Each structure stands twice: as structure tokens, then as C-alpha cells.
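**Student:** First the structure, then my questions, so here it is.
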Amino acid sequence: MIVLGSNSEVAQAFVEECLAKGEKFPTIYLLSSNPGTTEKFADHIQVKFFQNSEIILMDLMNEIDYKTLENINSDILFCASGFLGLSTEDGLYDDENTERIIDINYAKLVPVLNFFAKKMESRRTGTMIVLSSVAGERGRQSNFIYGSAKAALTAYLSGLRNYLFDKKVHVLTVKPGFMDTKMTEGLPLNPTLTASPKKAAEGIYKAYKNKKDVAYVLPIWAVIMMIIRNIPEFIFKKLKL
């Protein structure tokens with residue numbers, strides 16, 4: 001397995017879910033911008049599951065060394081790379097914040113996903129599981145820079161899934177709603193609409209095994225987003241969402 005954003009609680013929970021379900025991997029490649037923190041998780045899965053792993057430095061905000069990735073092949077890629085950034089109120093006109101949101105969630109992530117997609121295409125096997133967001137389904141004033149980057153990622157994954165279908169490579173787009181993670185720490189989240197990393201991992205693993213194309217972490221978000229998508233624009237623009 002290849003894990004992008006391997007310090008994400010959801011990514012780590014998904015790895016543990018796979019291992020707990022009896023999945024076997026010769027090596028799990030943990031790609032991380034903070035290898036020191038990743039070492040703790042690598043040690044954890046070695047002790048708990050006797051699972052070998054290799055930590056590889058990859059920072060989307062710096063030049064990617066593709067030579068270090070050339071010999072990595074895997075049947076599963078799990079991508080939890082993401083950056084929420086500042087709220088619209090605090091960060092809309094902060095160019096550094098805006099560029100970082102767009103780069104990490106889309107612009108600099110897509111070439112890395114393309115790199116691994118090409119390898120899977122050449123082997124005619126594999127599954128790419130990528131976390132996008134419900135925020136990408138409609139621009140809302142509270143976080144539309146983040147949402148626009150996730151909308152672009154969702155569209156990219158839809159096209160990639162279409163392109164890779166007859167190459168025997170599966171692409172799963174995951175659309176989490178609220179999740180109780182470091183990225184959302186301090187935000188006023190509705191407990192009914194919020195998934196723990198473990199709960200999210202269980203849902204994602206089930207969607208992966210069932211070959212789903214698009215999956216919401218909690219089913220209620222499919223209903224919520226259907227309603228939001230269908231609010232007429234002349235009404236929607238007046239809402240404080």
C-alpha cells in the first residue's frame with residue numbers, strides 16, 4: 001500500500017482497518033512531509049501487526065523527487081493529503097493561504113496522483129482511494145476557496161476513473177463530511193454529522209471492497225448535499241452557510 005498524507009488520522013485508521021481485516025502487504029510506503037511524526041505510526045503497526053513499512057519524505061510544497069518513487073509499486077494507493085487553511089473571513093485575501101490551499105488540495109497533488117496512476121495503468125491493476133470533500137459540491141461562503149480546490153479534485157478523479165476503467169484500475173472518490181481530526185480541531189461540529197477516524201476508515205474500507213466509485217463517510221451527507229445542490233441560486237446566495 002502507498003499512503004499519501006500518512007500523518008492523517010483517517011489514513012492511519014484506514015491502514016489499521018486493512019490490517020485488522022487480514023490484508024497482507026509486503027511493505028506499506030508512508031509518504032510524509034513530517035517523517036519524524038510518521039515514525040511513531042510505523043513503529044505502532046510493526047509492533048501491533050508485524051507490518052513492515054518504509055517512510056519516504058514527500059512535501060507537496062517542495063519539489064517532488066520522483067526518482068525516490070520510481071521503484072514503488074502497489075495495488076492500493078490511499079491519499080489523504082489536504083489542507084483546510086483559514087476561513088473565508090480570515091483568509092480570503094491572504095494570497096499565501098489561498099495558494100497553499102489550492103496547491104496541496106489540487107494543483108501539486110494531481111501530478112503525484114498521475115505518477116502513480118500511470119504505474120497502475122501499465123500494470124493493469126490497482127485501486128486509488130482519494131479523499132476529496134463534500135465542500136466541493138457547492139461553493140459556500142464559509143470555505144469556498146477550499147471547496148473550489150476540492151471541486152477540482154473531484155472532477156479530476158471522475159475523469160481519471162473514466163479513463164482508467166478499461167485499464168482495470170479502480171478510482172474511489174471519498175467525500176467526508178465533518179470528521180473529528182486535527183484539521184477540524186476547534187471547529188463547532190455537530191456530533192450527529194461527525195465521524196471519528198475509525199468510523200470513517202470502516203466506511204471507506206467497505207466502499208473499497210464493494211468497488212464503489214463515490215462514497216460518503218456518513219450516508220446522511222448524501223442526503224444533505226443533495227438538498228444543498230438543489231437549492232436555487234437566488235435563494236442560496238442569501239444563505240449563511
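As shown in the C-alpha cells, the chain order sets the letters A, B, ...; within each chain, residues go from 1, and ligands are also counted from 1 in the order they appear.
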List the neighbours of Val130 in chain A out to 12 Å using only C-alpha atoms; skip same-chain residues closer than 2 positions along the sequence, and give me the result as a ChimeraX atom specification.

**Tutor:** /A:2-5,10-11,14,76-82,105-106,109-110,113,117,127-128,132-133,150,153-154,156-158,160-161,170-176,204,207-208,213-216

**Student:** Asn97 in chain A: which residues within 12 Å, counting only C-alpha atoms, same-chain residues fewer than 2 positions away excluded, as a list in words?

**Tutor:** Phe83, Leu84, Gly85, Leu86, Ser87, Thr88, Asp90, Gly91, Leu92, Tyr93, Asp94, Asp95, Glu99, Arg100, Ile101, Ile102, Asp103, Ile104, Ile145 and Tyr146 of chain A

**Student:** Can you write just those residues out, N, CA, C and O atoms, as a compact mmCIF listing (two decimals), in the first residue's frame?

**Tutor:**
# COMPACT_ATOMS: atom_id res chain seq x y z
N PHE A 83 -5.34 20.30 3.02
CA PHE A 83 -5.06 21.48 3.84
C PHE A 83 -6.31 22.35 3.86
O PHE A 83 -6.76 22.81 2.82
N LEU A 84 -6.89 22.54 5.06
CA LEU A 84 -8.12 23.30 5.19
C LEU A 84 -7.87 24.81 5.07
O LEU A 84 -8.66 25.53 4.46
N GLY A 85 -6.80 25.27 5.65
CA GLY A 85 -6.48 26.69 5.60
C GLY A 85 -7.38 27.53 6.48
O GLY A 85 -8.16 27.02 7.28
N LEU A 86 -7.26 28.83 6.31
CA LEU A 86 -8.05 29.77 7.09
C LEU A 86 -9.47 29.86 6.56
O LEU A 86 -9.73 29.57 5.39
N SER A 87 -10.38 30.28 7.42
CA SER A 87 -11.76 30.50 6.98
C SER A 87 -11.79 31.65 5.98
O SER A 87 -10.83 32.42 5.87
N THR A 88 -12.91 31.75 5.27
CA THR A 88 -13.04 32.84 4.30
C THR A 88 -12.87 34.20 4.98
O THR A 88 -12.17 35.08 4.47
N ASP A 90 -11.11 35.06 7.53
CA ASP A 90 -9.74 35.36 7.91
C ASP A 90 -8.74 35.27 6.76
O ASP A 90 -7.69 35.91 6.80
N GLY A 91 -9.06 34.46 5.74
CA GLY A 91 -8.02 34.15 4.77
C GLY A 91 -8.31 34.43 3.31
O GLY A 91 -7.47 34.15 2.45
N LEU A 92 -9.49 34.98 3.00
CA LEU A 92 -9.85 35.14 1.60
C LEU A 92 -8.82 35.96 0.82
O LEU A 92 -8.45 35.60 -0.30
N TYR A 93 -8.34 37.04 1.40
CA TYR A 93 -7.42 37.92 0.68
C TYR A 93 -5.96 37.71 1.10
O TYR A 93 -5.10 38.54 0.83
N ASP A 94 -5.72 36.58 1.75
CA ASP A 94 -4.36 36.18 2.12
C ASP A 94 -3.85 35.26 1.00
O ASP A 94 -4.20 34.09 0.93
N ASP A 95 -3.03 35.82 0.11
CA ASP A 95 -2.61 35.07 -1.08
C ASP A 95 -1.83 33.81 -0.72
O ASP A 95 -1.98 32.77 -1.38
N GLU A 99 -3.02 30.18 -2.03
CA GLU A 99 -2.16 29.36 -2.88
C GLU A 99 -1.86 28.01 -2.22
O GLU A 99 -1.82 26.98 -2.90
N ARG A 100 -1.67 28.02 -0.91
CA ARG A 100 -1.37 26.77 -0.21
C ARG A 100 -2.57 25.82 -0.26
O ARG A 100 -2.42 24.62 -0.48
N ILE A 101 -3.77 26.36 -0.08
CA ILE A 101 -4.99 25.54 -0.17
C ILE A 101 -5.09 24.90 -1.55
O ILE A 101 -5.33 23.70 -1.68
N ILE A 102 -4.92 25.70 -2.59
CA ILE A 102 -5.06 25.20 -3.96
C ILE A 102 -3.95 24.21 -4.30
O ILE A 102 -4.19 23.18 -4.93
N ASP A 103 -2.72 24.51 -3.87
CA ASP A 103 -1.59 23.64 -4.19
C ASP A 103 -1.71 22.27 -3.54
O ASP A 103 -1.58 21.24 -4.20
N ILE A 104 -1.98 22.24 -2.23
CA ILE A 104 -1.98 20.96 -1.51
C ILE A 104 -3.20 20.12 -1.86
O ILE A 104 -3.11 18.90 -1.99
N ILE A 145 -12.82 28.75 -1.02
CA ILE A 145 -11.50 28.53 -1.63
C ILE A 145 -11.13 27.05 -1.48
O ILE A 145 -10.76 26.37 -2.44
N TYR A 146 -11.26 26.53 -0.27
CA TYR A 146 -11.04 25.11 -0.02
C TYR A 146 -12.00 24.28 -0.87
O TYR A 146 -11.60 23.30 -1.52

**Student:** Return as a list in words the full set of residues in range 13-76 of chain A whose backbone-based DSSP assignment is strand (DSSP E).

**Tutor:**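 Everything in range 13-76 of chain A that counts as strand (DSSP E) is Ile28, Tyr29, Leu30, Leu31, Ser32, Ser53, Glu54, Ile55, Ile56, Leu57 and Ile76 of chain A.
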
**Student:** May I ask which of the residues A:Lys167, A:Asn7, A:Lys212, A:Phe49 is the closest one to Gly22 in chain A, counting only C-alpha atoms?

**Tutor:**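 So, comparing all the options, the nearest one is A:Phe49.
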
**Student:** Provide the CA of Trp221 in chain A to CA of Phe178 in chain A distance in Å, to one decimal place.

**Tutor:**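 CA of Trp221 in chain A sits 9.2 Å away from CA of Phe178 in chain A.
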
**Student:** I'd like the contact shell of Asn71 in chain A - 12 Å cut-off, only C-alpha atoms, skipping same-chain residues fewer than 5 positions apart - returned as a PyMOL selection string.

**Tutor:** chain A and resi 2+29+66+115-116+119

**Student:** Could you state the separation of CA of Gly126 in chain A and CA of Val169 in chain A in Å, given to one decimal place?

**Tutor:** 5.0 Å

**Student:** List every residue of range 101-241 of chain A that DSSP, applied to the backbone, labels as helix (DSSP H, G or I), and write the result as a JSON list (two decimals) with N, CA, C and O atoms, in the first residue's frame.

**Tutor:**
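See result21.json below for the written result:
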[["chain", "number", "residue", "atom", "x", "y", "z"],
["A", 101, "ILE", "N", -3.77, 26.36, -0.08],
["A", 101, "ILE", "CA", -4.99, 25.54, -0.17],
["A", 101, "ILE", "C", -5.09, 24.90, -1.55],
["A", 101, "ILE", "O", -5.33, 23.70, -1.68],
["A", 102, "ILE", "N", -4.92, 25.70, -2.59],
["A", 102, "ILE", "CA", -5.06, 25.20, -3.96],
["A", 102, "ILE", "C", -3.95, 24.21, -4.30],
["A", 102, "ILE", "O", -4.19, 23.18, -4.93],
["A", 103, "ASP", "N", -2.72, 24.51, -3.87],
["A", 103, "ASP", "CA", -1.59, 23.64, -4.19],
["A", 103, "ASP", "C", -1.71, 22.27, -3.54],
["A", 103, "ASP", "O", -1.58, 21.24, -4.20],
["A", 104, "ILE", "N", -1.98, 22.24, -2.23],
["A", 104, "ILE", "CA", -1.98, 20.96, -1.51],
["A", 104, "ILE", "C", -3.20, 20.12, -1.86],
["A", 104, "ILE", "O", -3.11, 18.90, -1.99],
["A", 105, "ASN", "N", -4.34, 20.77, -2.05],
["A", 105, "ASN", "CA", -5.57, 20.02, -2.33],
["A", 105, "ASN", "C", -5.76, 19.67, -3.79],
["A", 105, "ASN", "O", -6.56, 18.79, -4.11],
["A", 106, "TYR", "N", -5.01, 20.35, -4.68],
["A", 106, "TYR", "CA", -5.23, 20.06, -6.11],
["A", 106, "TYR", "C", -3.97, 20.22, -6.97],
["A", 106, "TYR", "O", -3.45, 19.25, -7.50],
["A", 107, "ALA", "N", -3.49, 21.45, -7.11],
["A", 107, "ALA", "CA", -2.51, 21.75, -8.16],
["A", 107, "ALA", "C", -1.24, 20.92, -8.08],
["A", 107, "ALA", "O", -0.74, 20.42, -9.09],
["A", 110, "VAL", "N", -2.20, 16.62, -7.97],
["A", 110, "VAL", "CA", -2.57, 15.90, -9.19],
["A", 110, "VAL", "C", -1.37, 15.29, -9.91],
["A", 110, "VAL", "O", -1.44, 14.12, -10.33],
["A", 111, "PRO", "N", -0.25, 15.99, -10.09],
["A", 111, "PRO", "CA", 0.88, 15.34, -10.76],
["A", 111, "PRO", "C", 1.38, 14.09, -10.02],
["A", 111, "PRO", "O", 1.81, 13.13, -10.67],
["A", 112, "VAL", "N", 1.30, 14.10, -8.69],
["A", 112, "VAL", "CA", 1.71, 12.92, -7.92],
["A", 112, "VAL", "C", 0.74, 11.78, -8.15],
["A", 112, "VAL", "O", 1.13, 10.62, -8.36],
["A", 113, "LEU", "N", -0.56, 12.09, -8.14],
["A", 113, "LEU", "CA", -1.56, 11.05, -8.42],
["A", 113, "LEU", "C", -1.41, 10.52, -9.84],
["A", 113, "LEU", "O", -1.53, 9.30, -10.08],
["A", 114, "ASN", "N", -1.12, 11.41, -10.78],
["A", 114, "ASN", "CA", -0.88, 10.97, -12.16],
["A", 114, "ASN", "C", 0.31, 10.01, -12.25],
["A", 114, "ASN", "O", 0.28, 9.03, -13.00],
["A", 115, "PHE", "N", 1.34, 10.31, -11.49],
["A", 115, "PHE", "CA", 2.54, 9.46, -11.48],
["A", 115, "PHE", "C", 2.19, 8.03, -11.09],
["A", 115, "PHE", "O", 2.59, 7.07, -11.76],
["A", 116, "PHE", "N", 1.42, 7.88, -10.02],
["A", 116, "PHE", "CA", 1.06, 6.53, -9.56],
["A", 116, "PHE", "C", -0.03, 5.92, -10.44],
["A", 116, "PHE", "O", -0.06, 4.69, -10.62],
["A", 117, "ALA", "N", -0.91, 6.74, -10.99],
["A", 117, "ALA", "CA", -1.94, 6.23, -11.90],
["A", 117, "ALA", "C", -1.29, 5.59, -13.13],
["A", 117, "ALA", "O", -1.72, 4.53, -13.61],
["A", 118, "LYS", "N", -0.26, 6.24, -13.65],
["A", 118, "LYS", "CA", 0.44, 5.70, -14.82],
["A", 118, "LYS", "C", 1.07, 4.35, -14.51],
["A", 118, "LYS", "O", 1.02, 3.42, -15.34],
["A", 119, "LYS", "N", 1.64, 4.21, -13.31],
["A", 119, "LYS", "CA", 2.25, 2.93, -12.92],
["A", 119, "LYS", "C", 1.19, 1.83, -12.82],
["A", 119, "LYS", "O", 1.41, 0.70, -13.27],
["A", 120, "MET", "N", 0.03, 2.18, -12.25],
["A", 120, "MET", "CA", -1.05, 1.19, -12.15],
["A", 120, "MET", "C", -1.60, 0.84, -13.53],
["A", 120, "MET", "O", -1.91, -0.32, -13.81],
["A", 121, "GLU", "N", -1.73, 1.84, -14.38],
["A", 121, "GLU", "CA", -2.21, 1.59, -15.74],
["A", 121, "GLU", "C", -1.28, 0.63, -16.48],
["A", 121, "GLU", "O", -1.74, -0.29, -17.17],
["A", 122, "SER", "N", 0.02, 0.81, -16.32],
["A", 122, "SER", "CA", 0.98, -0.06, -17.03],
["A", 122, "SER", "C", 0.90, -1.49, -16.52],
["A", 122, "SER", "O", 1.16, -2.43, -17.27],
["A", 123, "ARG", "N", 0.51, -1.67, -15.25],
["A", 123, "ARG", "CA", 0.39, -3.00, -14.66],
["A", 123, "ARG", "C", -1.03, -3.55, -14.80],
["A", 123, "ARG", "O", -1.28, -4.71, -14.50],
["A", 134, "VAL", "N", -17.12, 16.98, 0.73],
["A", 134, "VAL", "CA", -18.45, 17.48, 0.38],
["A", 134, "VAL", "C", -18.40, 18.98, 0.10],
["A", 134, "VAL", "O", -19.27, 19.54, -0.58],
["A", 135, "ALA", "N", -17.36, 19.65, 0.59],
["A", 135, "ALA", "CA", -17.21, 21.09, 0.35],
["A", 135, "ALA", "C", -17.06, 21.41, -1.13],
["A", 135, "ALA", "O", -17.29, 22.54, -1.55],
["A", 136, "GLY", "N", -16.68, 20.41, -1.92],
["A", 136, "GLY", "CA", -16.50, 20.62, -3.35],
["A", 136, "GLY", "C", -17.78, 20.54, -4.16],
["A", 136, "GLY", "O", -17.76, 20.74, -5.37],
["A", 144, "PHE", "N", -15.16, 28.64, 0.55],
["A", 144, "PHE", "CA", -15.25, 28.34, -0.88],
["A", 144, "PHE", "C", -13.90, 28.23, -1.59],
["A", 144, "PHE", "O", -13.83, 27.64, -2.66],
["A", 145, "ILE", "N", -12.82, 28.75, -1.02],
["A", 145, "ILE", "CA", -11.50, 28.53, -1.63],
["A", 145, "ILE", "C", -11.13, 27.05, -1.48],
["A", 145, "ILE", "O", -10.76, 26.37, -2.44],
["A", 146, "TYR", "N", -11.26, 26.53, -0.27],
["A", 146, "TYR", "CA", -11.04, 25.11, -0.02],
["A", 146, "TYR", "C", -12.00, 24.28, -0.87],
["A", 146, "TYR", "O", -11.60, 23.30, -1.52],
["A", 147, "GLY", "N", -13.27, 24.67, -0.87],
["A", 147, "GLY", "CA", -14.27, 23.93, -1.64],
["A", 147, "GLY", "C", -13.98, 23.90, -3.12],
["A", 147, "GLY", "O", -14.19, 22.89, -3.79],
["A", 148, "SER", "N", -13.47, 25.02, -3.65],
["A", 148, "SER", "CA", -13.17, 25.07, -5.09],
["A", 148, "SER", "C", -12.02, 24.12, -5.45],
["A", 148, "SER", "O", -12.03, 23.48, -6.50],
["A", 149, "ALA", "N", -11.03, 24.02, -4.55],
["A", 149, "ALA", "CA", -9.92, 23.09, -4.79],
["A", 149, "ALA", "C", -10.41, 21.64, -4.74],
["A", 149, "ALA", "O", -10.01, 20.80, -5.55],
["A", 150, "LYS", "N", -11.30, 21.35, -3.80],
["A", 150, "LYS", "CA", -11.85, 20.00, -3.70],
["A", 150, "LYS", "C", -12.79, 19.70, -4.87],
["A", 150, "LYS", "O", -12.87, 18.56, -5.32],
["A", 151, "ALA", "N", -13.50, 20.72, -5.36],
["A", 151, "ALA", "CA", -14.34, 20.51, -6.55],
["A", 151, "ALA", "C", -13.48, 20.13, -7.74],
["A", 151, "ALA", "O", -13.84, 19.24, -8.53],
["A", 152, "ALA", "N", -12.34, 20.79, -7.88],
["A", 152, "ALA", "CA", -11.42, 20.47, -8.97],
["A", 152, "ALA", "C", -10.89, 19.04, -8.80],
["A", 152, "ALA", "O", -10.80, 18.28, -9.78],
["A", 153, "LEU", "N", -10.55, 18.67, -7.57],
["A", 153, "LEU", "CA", -10.05, 17.31, -7.31],
["A", 153, "LEU", "C", -11.12, 16.28, -7.63],
["A", 153, "LEU", "O", -10.83, 15.24, -8.25],
["A", 154, "THR", "N", -12.37, 16.53, -7.24],
["A", 154, "THR", "CA", -13.46, 15.61, -7.52],
["A", 154, "THR", "C", -13.65, 15.43, -9.04],
["A", 154, "THR", "O", -13.86, 14.30, -9.52],
["A", 155, "ALA", "N", -13.59, 16.53, -9.78],
["A", 155, "ALA", "CA", -13.73, 16.44, -11.24],
["A", 155, "ALA", "C", -12.57, 15.67, -11.85],
["A", 155, "ALA", "O", -12.76, 14.85, -12.77],
["A", 156, "TYR", "N", -11.37, 15.91, -11.35],
["A", 156, "TYR", "CA", -10.19, 15.17, -11.83],
["A", 156, "TYR", "C", -10.37, 13.66, -11.58],
["A", 156, "TYR", "O", -10.12, 12.84, -12.48],
["A", 157, "LEU", "N", -10.81, 13.30, -10.38],
["A", 157, "LEU", "CA", -10.97, 11.89, -10.05],
["A", 157, "LEU", "C", -12.06, 11.24, -10.90],
["A", 157, "LEU", "O", -11.94, 10.07, -11.29],
["A", 158, "SER", "N", -13.12, 11.98, -11.22],
["A", 158, "SER", "CA", -14.17, 11.46, -12.09],
["A", 158, "SER", "C", -13.61, 11.15, -13.47],
["A", 158, "SER", "O", -13.89, 10.08, -14.05],
["A", 159, "GLY", "N", -12.84, 12.07, -14.01],
["A", 159, "GLY", "CA", -12.23, 11.84, -15.32],
["A", 159, "GLY", "C", -11.20, 10.72, -15.29],
["A", 159, "GLY", "O", -11.12, 9.91, -16.22],
["A", 160, "LEU", "N", -10.42, 10.67, -14.22],
["A", 160, "LEU", "CA", -9.41, 9.61, -14.10],
["A", 160, "LEU", "C", -10.08, 8.25, -14.00],
["A", 160, "LEU", "O", -9.62, 7.27, -14.62],
["A", 161, "ARG", "N", -11.17, 8.18, -13.25],
["A", 161, "ARG", "CA", -11.92, 6.92, -13.13],
["A", 161, "ARG", "C", -12.44, 6.48, -14.50],
["A", 161, "ARG", "O", -12.35, 5.30, -14.88],
["A", 162, "ASN", "N", -12.97, 7.41, -15.27],
["A", 162, "ASN", "CA", -13.45, 7.14, -16.61],
["A", 162, "ASN", "C", -12.32, 6.65, -17.51],
["A", 162, "ASN", "O", -12.46, 5.67, -18.26],
["A", 163, "TYR", "N", -11.18, 7.32, -17.43],
["A", 163, "TYR", "CA", -10.03, 6.98, -18.28],
["A", 163, "TYR", "C", -9.45, 5.61, -17.92],
["A", 163, "TYR", "O", -9.06, 4.83, -18.81],
["A", 164, "LEU", "N", -9.38, 5.30, -16.61],
["A", 164, "LEU", "CA", -8.71, 4.08, -16.18],
["A", 164, "LEU", "C", -9.62, 2.86, -16.12],
["A", 164, "LEU", "O", -9.14, 1.75, -15.90],
["A", 165, "PHE", "N", -10.92, 3.05, -16.35],
["A", 165, "PHE", "CA", -11.86, 1.95, -16.20],
["A", 165, "PHE", "C", -11.48, 0.74, -17.06],
["A", 165, "PHE", "O", -11.43, -0.39, -16.57],
["A", 166, "ASP", "N", -11.22, 0.97, -18.35],
["A", 166, "ASP", "CA", -10.89, -0.17, -19.21],
["A", 166, "ASP", "C", -9.43, -0.58, -19.10],
["A", 166, "ASP", "O", -8.99, -1.51, -19.76],
["A", 167, "LYS", "N", -8.68, 0.12, -18.23],
["A", 167, "LYS", "CA", -7.31, -0.29, -17.93],
["A", 167, "LYS", "C", -7.25, -1.12, -16.64],
["A", 167, "LYS", "O", -6.18, -1.41, -16.13],
["A", 182, "LYS", "N", -7.36, 16.43, 13.58],
["A", 182, "LYS", "CA", -6.55, 17.62, 13.89],
["A", 182, "LYS", "C", -6.95, 18.79, 12.99],
["A", 182, "LYS", "O", -6.91, 19.94, 13.40],
["A", 183, "MET", "N", -7.30, 18.50, 11.73],
["A", 183, "MET", "CA", -7.60, 19.56, 10.77],
["A", 183, "MET", "C", -8.86, 20.34, 11.17],
["A", 183, "MET", "O", -9.00, 21.52, 10.86],
["A", 184, "THR", "N", -9.78, 19.69, 11.88],
["A", 184, "THR", "CA", -11.03, 20.36, 12.27],
["A", 184, "THR", "C", -11.06, 20.70, 13.76],
["A", 184, "THR", "O", -12.10, 21.11, 14.28],
["A", 191, "PRO", "N", -22.16, 16.68, 16.41],
["A", 191, "PRO", "CA", -21.76, 15.28, 16.66],
["A", 191, "PRO", "C", -22.50, 14.28, 15.78],
["A", 191, "PRO", "O", -21.94, 13.26, 15.38],
["A", 192, "THR", "N", -23.76, 14.56, 15.46],
["A", 192, "THR", "CA", -24.55, 13.64, 14.64],
["A", 192, "THR", "C", -23.99, 13.53, 13.22],
["A", 192, "THR", "O", -24.13, 12.49, 12.57],
["A", 193, "LEU", "N", -23.35, 14.59, 12.75],
["A", 193, "LEU", "CA", -22.84, 14.64, 11.39],
["A", 193, "LEU", "C", -21.34, 14.44, 11.31],
["A", 193, "LEU", "O", -20.74, 14.61, 10.25],
["A", 197, "PRO", "N", -12.18, 9.11, 13.05],
["A", 197, "PRO", "CA", -11.31, 8.47, 12.05],
["A", 197, "PRO", "C", -11.59, 6.98, 11.88],
["A", 197, "PRO", "O", -11.58, 6.46, 10.77],
["A", 198, "LYS", "N", -11.85, 6.29, 13.00],
["A", 198, "LYS", "CA", -12.12, 4.85, 12.93],
["A", 198, "LYS", "C", -13.41, 4.57, 12.15],
["A", 198, "LYS", "O", -13.45, 3.66, 11.30],
["A", 199, "LYS", "N", -14.45, 5.35, 12.46],
["A", 199, "LYS", "CA", -15.72, 5.17, 11.75],
["A", 199, "LYS", "C", -15.55, 5.47, 10.26],
["A", 199, "LYS", "O", -16.09, 4.75, 9.40],
["A", 200, "ALA", "N", -14.80, 6.51, 9.96],
["A", 200, "ALA", "CA", -14.54, 6.86, 8.56],
["A", 200, "ALA", "C", -13.79, 5.73, 7.87],
["A", 200, "ALA", "O", -14.13, 5.34, 6.74],
["A", 201, "ALA", "N", -12.78, 5.19, 8.53],
["A", 201, "ALA", "CA", -11.98, 4.12, 7.94],
["A", 201, "ALA", "C", -12.82, 2.89, 7.65],
["A", 201, "ALA", "O", -12.66, 2.23, 6.62],
["A", 202, "GLU", "N", -13.73, 2.57, 8.55],
["A", 202, "GLU", "CA", -14.61, 1.41, 8.35],
["A", 202, "GLU", "C", -15.47, 1.60, 7.10],
["A", 202, "GLU", "O", -15.63, 0.68, 6.29],
["A", 203, "GLY", "N", -16.03, 2.80, 6.94],
["A", 203, "GLY", "CA", -16.86, 3.08, 5.77],
["A", 203, "GLY", "C", -16.07, 3.08, 4.48],
["A", 203, "GLY", "O", -16.54, 2.57, 3.45],
["A", 204, "ILE", "N", -14.88, 3.64, 4.53],
["A", 204, "ILE", "CA", -14.03, 3.68, 3.33],
["A", 204, "ILE", "C", -13.59, 2.28, 2.93],
["A", 204, "ILE", "O", -13.59, 1.93, 1.74],
["A", 205, "TYR", "N", -13.25, 1.46, 3.91],
["A", 205, "TYR", "CA", -12.82, 0.09, 3.61],
["A", 205, "TYR", "C", -13.98, -0.69, 2.97],
["A", 205, "TYR", "O", -13.77, -1.42, 1.99],
["A", 206, "LYS", "N", -15.17, -0.52, 3.50],
["A", 206, "LYS", "CA", -16.34, -1.21, 2.92],
["A", 206, "LYS", "C", -16.58, -0.75, 1.48],
["A", 206, "LYS", "O", -16.85, -1.57, 0.59],
["A", 207, "ALA", "N", -16.46, 0.56, 1.23],
["A", 207, "ALA", "CA", -16.65, 1.09, -0.12],
["A", 207, "ALA", "C", -15.57, 0.55, -1.06],
["A", 207, "ALA", "O", -15.86, 0.23, -2.22],
["A", 208, "TYR", "N", -14.36, 0.44, -0.57],
["A", 208, "TYR", "CA", -13.25, -0.10, -1.36],
["A", 208, "TYR", "C", -13.52, -1.55, -1.74],
["A", 208, "TYR", "O", -13.38, -1.95, -2.91],
["A", 209, "LYS", "N", -13.92, -2.35, -0.78],
["A", 209, "LYS", "CA", -14.17, -3.76, -1.05],
["A", 209, "LYS", "C", -15.36, -3.96, -1.98],
["A", 209, "LYS", "O", -15.42, -4.93, -2.74],
["A", 220, "ILE", "N", -25.73, 10.08, 5.72],
["A", 220, "ILE", "CA", -26.58, 11.27, 5.86],
["A", 220, "ILE", "C", -26.07, 12.42, 5.00],
["A", 220, "ILE", "O", -26.84, 13.27, 4.54],
["A", 221, "TRP", "N", -24.75, 12.44, 4.72],
["A", 221, "TRP", "CA", -24.19, 13.52, 3.92],
["A", 221, "TRP", "C", -24.66, 13.46, 2.47],
["A", 221, "TRP", "O", -24.71, 14.49, 1.80],
["A", 222, "ALA", "N", -24.98, 12.30, 1.98],
["A", 222, "ALA", "CA", -25.52, 12.20, 0.61],
["A", 222, "ALA", "C", -26.84, 12.94, 0.52],
["A", 222, "ALA", "O", -27.12, 13.64, -0.47],
["A", 223, "VAL", "N", -27.67, 12.81, 1.56],
["A", 223, "VAL", "CA", -28.96, 13.49, 1.59],
["A", 223, "VAL", "C", -28.76, 15.00, 1.76],
["A", 223, "VAL", "O", -29.38, 15.81, 1.05],
["A", 224, "ILE", "N", -27.90, 15.37, 2.69],
["A", 224, "ILE", "CA", -27.64, 16.80, 2.94],
["A", 224, "ILE", "C", -27.15, 17.49, 1.69],
["A", 224, "ILE", "O", -27.63, 18.57, 1.32],
["A", 225, "MET", "N", -26.19, 16.88, 1.00],
["A", 225, "MET", "CA", -25.61, 17.52, -0.17],
["A", 225, "MET", "C", -26.57, 17.53, -1.36],
["A", 225, "MET", "O", -26.54, 18.44, -2.19],
["A", 226, "MET", "N", -27.46, 16.54, -1.43],
["A", 226, "MET", "CA", -28.48, 16.56, -2.48],
["A", 226, "MET", "C", -29.39, 17.77, -2.30],
["A", 226, "MET", "O", -29.73, 18.47, -3.26],
["A", 227, "ILE", "N", -29.75, 18.04, -1.04],
["A", 227, "ILE", "CA", -30.59, 19.21, -0.75],
["A", 227, "ILE", "C", -29.84, 20.50, -1.07],
["A", 227, "ILE", "O", -30.38, 21.40, -1.74],
["A", 228, "ILE", "N", -28.58, 20.60, -0.63],
["A", 228, "ILE", "CA", -27.80, 21.82, -0.87],
["A", 228, "ILE", "C", -27.59, 22.06, -2.35],
["A", 228, "ILE", "O", -27.70, 23.19, -2.84],
["A", 229, "ARG", "N", -27.31, 21.01, -3.11],
["A", 229, "ARG", "CA", -27.09, 21.16, -4.56],
["A", 229, "ARG", "C", -28.33, 21.68, -5.27],
["A", 229, "ARG", "O", -28.23, 22.33, -6.31],
["A", 233, "GLU", "N", -30.21, 29.14, -6.93],
["A", 233, "GLU", "CA", -29.14, 30.08, -6.66],
["A", 233, "GLU", "C", -29.64, 31.39, -6.07],
["A", 233, "GLU", "O", -28.98, 31.99, -5.21],
["A", 234, "PHE", "N", -30.81, 31.85, -6.49],
["A", 234, "PHE", "CA", -31.31, 33.13, -5.98],
["A", 234, "PHE", "C", -31.65, 33.06, -4.49],
["A", 234, "PHE", "O", -31.70, 34.07, -3.79],
["A", 235, "ILE", "N", -31.88, 31.84, -4.00],
["A", 235, "ILE", "CA", -32.08, 31.62, -2.57],
["A", 235, "ILE", "C", -30.73, 31.33, -1.89],
["A", 235, "ILE", "O", -30.42, 31.88, -0.83],
["A", 236, "PHE", "N", -29.94, 30.47, -2.53],
["A", 236, "PHE", "CA", -28.69, 30.01, -1.94],
["A", 236, "PHE", "C", -27.75, 31.16, -1.63],
["A", 236, "PHE", "O", -27.07, 31.18, -0.60]]

**Student:** Could you pull the residues within 7 Å of range 25-28 of chain A, counting only C-alpha atoms, minus those fewer than 2 positions along the same chain, as a VMD selection string?

**Tutor:** chain A and resid 1 to 2 23 30 52 to 54

**Student:** Any chance you could export the current selection's C-alpha atoms as a PDB file, in the first residue's frame?

**Tutor:**
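Output file again-v9.pdb is given in full below:
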ATOM      1  CA  MET A   1       0.000   0.000   0.000  1.00  0.00           C
ATOM      2  CA  ILE A   2       1.061   3.548  -0.737  1.00  0.00           C
ATOM      3  CA  GLU A  23      -4.941  -7.682   4.443  1.00  0.00           C
ATOM      4  CA  LEU A  30       4.264   6.003   4.129  1.00  0.00           C
ATOM      5  CA  ASN A  52       6.837  -3.655   7.553  1.00  0.00           C
ATOM      6  CA  SER A  53       6.764  -0.081   6.305  1.00  0.00           C
ATOM      7  CA  GLU A  54       9.042   2.440   4.656  1.00  0.00           C
TER       8      GLU A  54
END

**Student:** Could you state the separation of CA of Glu96 in chain A and CA of Met61 in chain A in Å, given to one decimal place?

**Tutor:**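 These atoms are spaced 11.7 Å apart.
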
**Student:** Hey, which of A:Ala195, A:Leu19, A:Ile231, A:Ile55 ends up closest to Gly36 in chain A? Count only C-alpha atoms.

**Tutor:**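 The closest residue to Gly36 in chain A is A:Ile55.
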